[in-house]
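Trainee: Dropping the structure in here first, questions after.
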Amino acid sequence: MSAPYDLAGLHVEEAGDHGPLLLCLHGIGSSSASFAPQFATLGAQLRLLAWDAPGYGASADPQGPLDLDTYADTAAALIRARGGCAHVLGVSWGGVIALRLAARHPALVASLIIADSSAGSGTDQDRADAMRARAAELAAAGPRAFAERRGPRLVSDTAPAALVRRVVDTMARSVRLPGYRYAADSMAAADLRGDLPGITAPTLVLCGDRDRVTGPDASQILAGALHRSAYVIVKDAGHLANQEQPEAFDAWLLAHLRIAAHPDADR
């Protein structure tokens, strides 16, 4: 088992003082900064939390390796510390953590928003091997060169230059070893296909139509396996749909939260 992560070392950005609680979990190459578009507009309607995952950004380095369950349990501890139940938005790797959180701690998850994610890289050996190899690439290149190489693929080929630069800069400031290695290993080992049918939280699955990383097929697999789900394609968006098309993304998110709050209203 992995050692638990101490919440005292976890950096959390917060906004809003009323409304539903929304915990935001970033992708493997990012940080809480990836939710800047949501923090800019949704704080008037929601209580927003976004972590820098353990070993990322301003969060402390873990004392030892973490697995997917430890990330999920850390998120659960954060929810308990902020009130005991939350809607959870997870992007890419953050979506995998969110799904595992919902499977392990269903009483803490009011609903899920899973964006440009998958059931984990452990569903395919080649993907798992490639994921595990990323830590060596980061060690050899350093954060800046690593980000310059990988960041542009996270948005569509029509994304504005300013967004590409922001994504690259966020990655360069966020990733380091050993945290990135632990995250990559957790993703490489993850295969949530057995968890999905048992997740009871109502779930919105979104995917950019130009996602070149996980792609719409992986999101469709999630939506098809989950018990209570809706599937949405975000037009003109790559892997980071919440950053590339924030207005459309946020509109779907808010609609989902309204439905989750009143599940029988439209019957």
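Letters A, B, ... mark the chains of the structure tokens in the order given; residue numbers begin at 1 per chain; ligand numbers begin at 1, in order shown.
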Excluding range 59-73 of chain A and any residue of its chain fewer than 3 positions from it, enumerate the residues within 7 Å of it, using only C-alpha atoms, and give them as a ChimeraX atom specification.
Mentor: /A:2-5,9-11,52-56,76-77,97-98,100-101,179,182,186
Trainee: Going by DSSP on the backbone, which bits of range 127-209 of chain A are helix (DSSP H, G or I)? Write them as a VMD selection string, please.
Mentor: chain A and resid 127 to 141 143 to 154 161 to 174 179 to 189 196 to 198
Trainee: Per residue of range 5-48 of chain A within 12 Å of range 256-259 of chain A, which atom pair is closest and at what distance in Å (one decimal), using only C-alpha atoms, listed by chain and increasing number, as CSV?
Mentor:
```
residue,atom,partner,partner_atom,distance
A:Gly19,CA,A:Leu257,CA,10.6
A:Pro20,CA,A:Leu257,CA,8.4
A:Leu21,CA,A:Leu257,CA,10.3
A:Leu22,CA,A:Leu257,CA,9.6
A:Gln45,CA,A:Leu257,CA,10.9
A:Leu46,CA,A:Leu257,CA,10.0
```
Trainee: Take CA of Leu108 in chain A and CA of Gln220 in chain A and report the distance between them in Å, one decimal.
Mentor: 24.9 Å
Trainee: In Å, how far is it from CA of Ala241 in chain A to CA of Gly95 in chain A?
Mentor: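 It comes out at 13.0 Å.
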Trainee: From the set A:Pro197, A:Gly151, A:Gly238, A:Gly27, which residue has the shortest atom-to-atom contact distance to Asp211 in chain A, counting only C-alpha atoms?
Mentor: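 Residue with the minimum atom-to-atom distance to Asp211 in chain A: A:Gly238.
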Trainee: DSSP on the backbone: what in range 67-172 of chain A comes out strand (DSSP E), as a ChimeraX atom specification?
Mentor: /A:86-91,109-115
Trainee: What would the file look like if the residues just selected were written as an mmCIF file, in the first residue's frame with C-alpha atoms?
Mentor:
```cif
data_model
loop_
_atom_site.group_PDB
_atom_site.id
_atom_site.type_symbol
_atom_site.label_atom_id
_atom_site.label_comp_id
_atom_site.auth_asym_id
_atom_site.auth_seq_id
_atom_site.Cartn_x
_atom_site.Cartn_y
_atom_site.Cartn_z
ATOM 1 C CA ALA A 86 -18.913 17.529 -3.560
ATOM 2 C CA HIS A 87 -19.437 17.431 -7.265
ATOM 3 C CA VAL A 88 -16.140 16.399 -8.840
ATOM 4 C CA LEU A 89 -14.694 17.609 -12.140
ATOM 5 C CA GLY A 90 -11.776 15.566 -13.438
ATOM 6 C CA VAL A 91 -9.798 16.273 -16.607
ATOM 7 C CA VAL A 109 -19.527 12.356 -4.590
ATOM 8 C CA ALA A 110 -22.752 14.139 -5.514
ATOM 9 C CA SER A 111 -21.998 13.897 -9.226
ATOM 10 C CA LEU A 112 -19.124 13.633 -11.689
ATOM 11 C CA ILE A 113 -17.974 15.672 -14.675
ATOM 12 C CA ILE A 114 -15.375 13.622 -16.552
ATOM 13 C CA ALA A 115 -13.585 15.496 -19.332
#
```
Trainee: Using only C-alpha atoms, find each residue in range 83-197 of chain A having at least one atom no more than 8 Å away from range 222-236 of chain A; report its shortest atom-to-atom pair and that distance in Å (one decimal), rows by chain then rising number, as a Markdown table.
Mentor:
```
| residue | atom | partner | partner_atom | distance |
| --- | --- | --- | --- | --- |
| A:Ser118 | CA | A:Leu222 | CA | 6.6 |
| A:Ala119 | CA | A:Leu222 | CA | 6.8 |
| A:Ser156 | CA | A:Asp236 | CA | 7.3 |
| A:Arg193 | CA | A:Ala225 | CA | 7.8 |
| A:Leu196 | CA | A:Leu226 | CA | 5.3 |
| A:Pro197 | CA | A:Leu226 | CA | 5.1 |
```
Trainee: Quick one: write out the picked residues with C-alpha atoms as a PDB file, in the first residue's frame?
Mentor:
```pdb
ATOM      1  CA  SER A 118     -10.430   7.234 -20.058  1.00  0.00           C
ATOM      2  CA  ALA A 119     -10.614   4.084 -17.955  1.00  0.00           C
ATOM      3  CA  SER A 156      -6.418  21.455 -31.074  1.00  0.00           C
ATOM      4  CA  ARG A 193     -13.444  -1.019 -16.533  1.00  0.00           C
ATOM      5  CA  LEU A 196     -17.530   1.733 -13.984  1.00  0.00           C
ATOM      6  CA  PRO A 197     -20.813  -0.233 -13.815  1.00  0.00           C
TER       7      PRO A 197
END
```
Trainee: Using only C-alpha atoms, which residue out of A:Ala102, A:Leu42, A:Cys24, A:Val12 lies closest to Thr200 in chain A?
Mentor: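 Residue with the minimum atom-to-atom distance to Thr200 in chain A: A:Ala102.
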Trainee: Give me the residues near His26 in chain A as a short mmCIF file (atom, residue, chain, number, x, y, z; two decimals) with N, CA, C and O atoms, in the first residue's frame, where near means some atom within 8 Å (using only C-alpha atoms) and where sequence neighbours in that chain fewer than 4 positions away do not count.
Mentor:
```cif
data_model
loop_
_atom_site.label_atom_id
_atom_site.label_comp_id
_atom_site.auth_asym_id
_atom_site.auth_seq_id
_atom_site.Cartn_x
_atom_site.Cartn_y
_atom_site.Cartn_z
N SER A 30 -0.36 19.13 -15.52
CA SER A 30 -0.89 20.46 -15.22
C SER A 30 -0.95 20.71 -13.72
O SER A 30 -0.23 20.10 -12.94
N SER A 31 -1.85 21.61 -13.32
CA SER A 31 -2.02 21.99 -11.92
C SER A 31 -3.36 22.69 -11.78
O SER A 31 -4.16 22.74 -12.74
N SER A 32 -3.60 23.24 -10.61
CA SER A 32 -4.84 24.00 -10.40
C SER A 32 -5.00 25.14 -11.39
O SER A 32 -6.13 25.56 -11.69
N SER A 34 -4.91 25.10 -14.43
CA SER A 34 -5.64 24.69 -15.63
C SER A 34 -7.12 25.01 -15.54
O SER A 34 -7.83 24.99 -16.55
N PHE A 35 -7.60 25.34 -14.34
CA PHE A 35 -9.02 25.67 -14.17
C PHE A 35 -9.23 27.18 -14.05
O PHE A 35 -10.30 27.62 -13.60
N ALA A 50 -9.65 23.60 -6.33
CA ALA A 50 -8.78 22.96 -7.31
C ALA A 50 -7.43 22.70 -6.65
O ALA A 50 -6.80 23.62 -6.15
N TRP A 51 -7.00 21.45 -6.65
CA TRP A 51 -5.72 21.14 -6.02
C TRP A 51 -4.57 21.18 -7.00
O TRP A 51 -4.78 21.08 -8.22
N ASP A 52 -3.38 21.40 -6.48
CA ASP A 52 -2.17 20.94 -7.13
C ASP A 52 -1.97 19.54 -6.58
O ASP A 52 -1.78 19.36 -5.37
N ALA A 53 -2.04 18.53 -7.42
CA ALA A 53 -1.94 17.16 -6.93
C ALA A 53 -0.66 16.96 -6.13
O ALA A 53 0.31 17.71 -6.30
N GLY A 90 -13.10 16.11 -13.18
CA GLY A 90 -11.78 15.57 -13.44
C GLY A 90 -11.44 15.63 -14.91
O GLY A 90 -12.24 15.21 -15.76
N VAL A 91 -10.27 16.17 -15.23
CA VAL A 91 -9.80 16.27 -16.61
C VAL A 91 -8.69 15.25 -16.81
O VAL A 91 -7.71 15.24 -16.06
N SER A 92 -8.83 14.38 -17.81
CA SER A 92 -7.81 13.40 -18.17
C SER A 92 -7.43 12.53 -16.97
O SER A 92 -8.27 11.82 -16.43
N TRP A 93 -6.17 12.57 -16.52
CA TRP A 93 -5.77 11.82 -15.32
C TRP A 93 -6.67 12.18 -14.14
O TRP A 93 -7.05 11.31 -13.34
N GLY A 94 -7.04 13.43 -14.02
CA GLY A 94 -7.96 13.84 -12.96
C GLY A 94 -9.30 13.14 -13.06
O GLY A 94 -9.94 12.87 -12.04
#
```
Trainee: Using only C-alpha atoms, which residues sit within 7 Å of Asp116 in chain A once same-chain residues fewer than 2 positions away are excluded, as a PyMOL selection string?
Mentor: chain A and resi 91-92+114+206-208+214-215+219+239
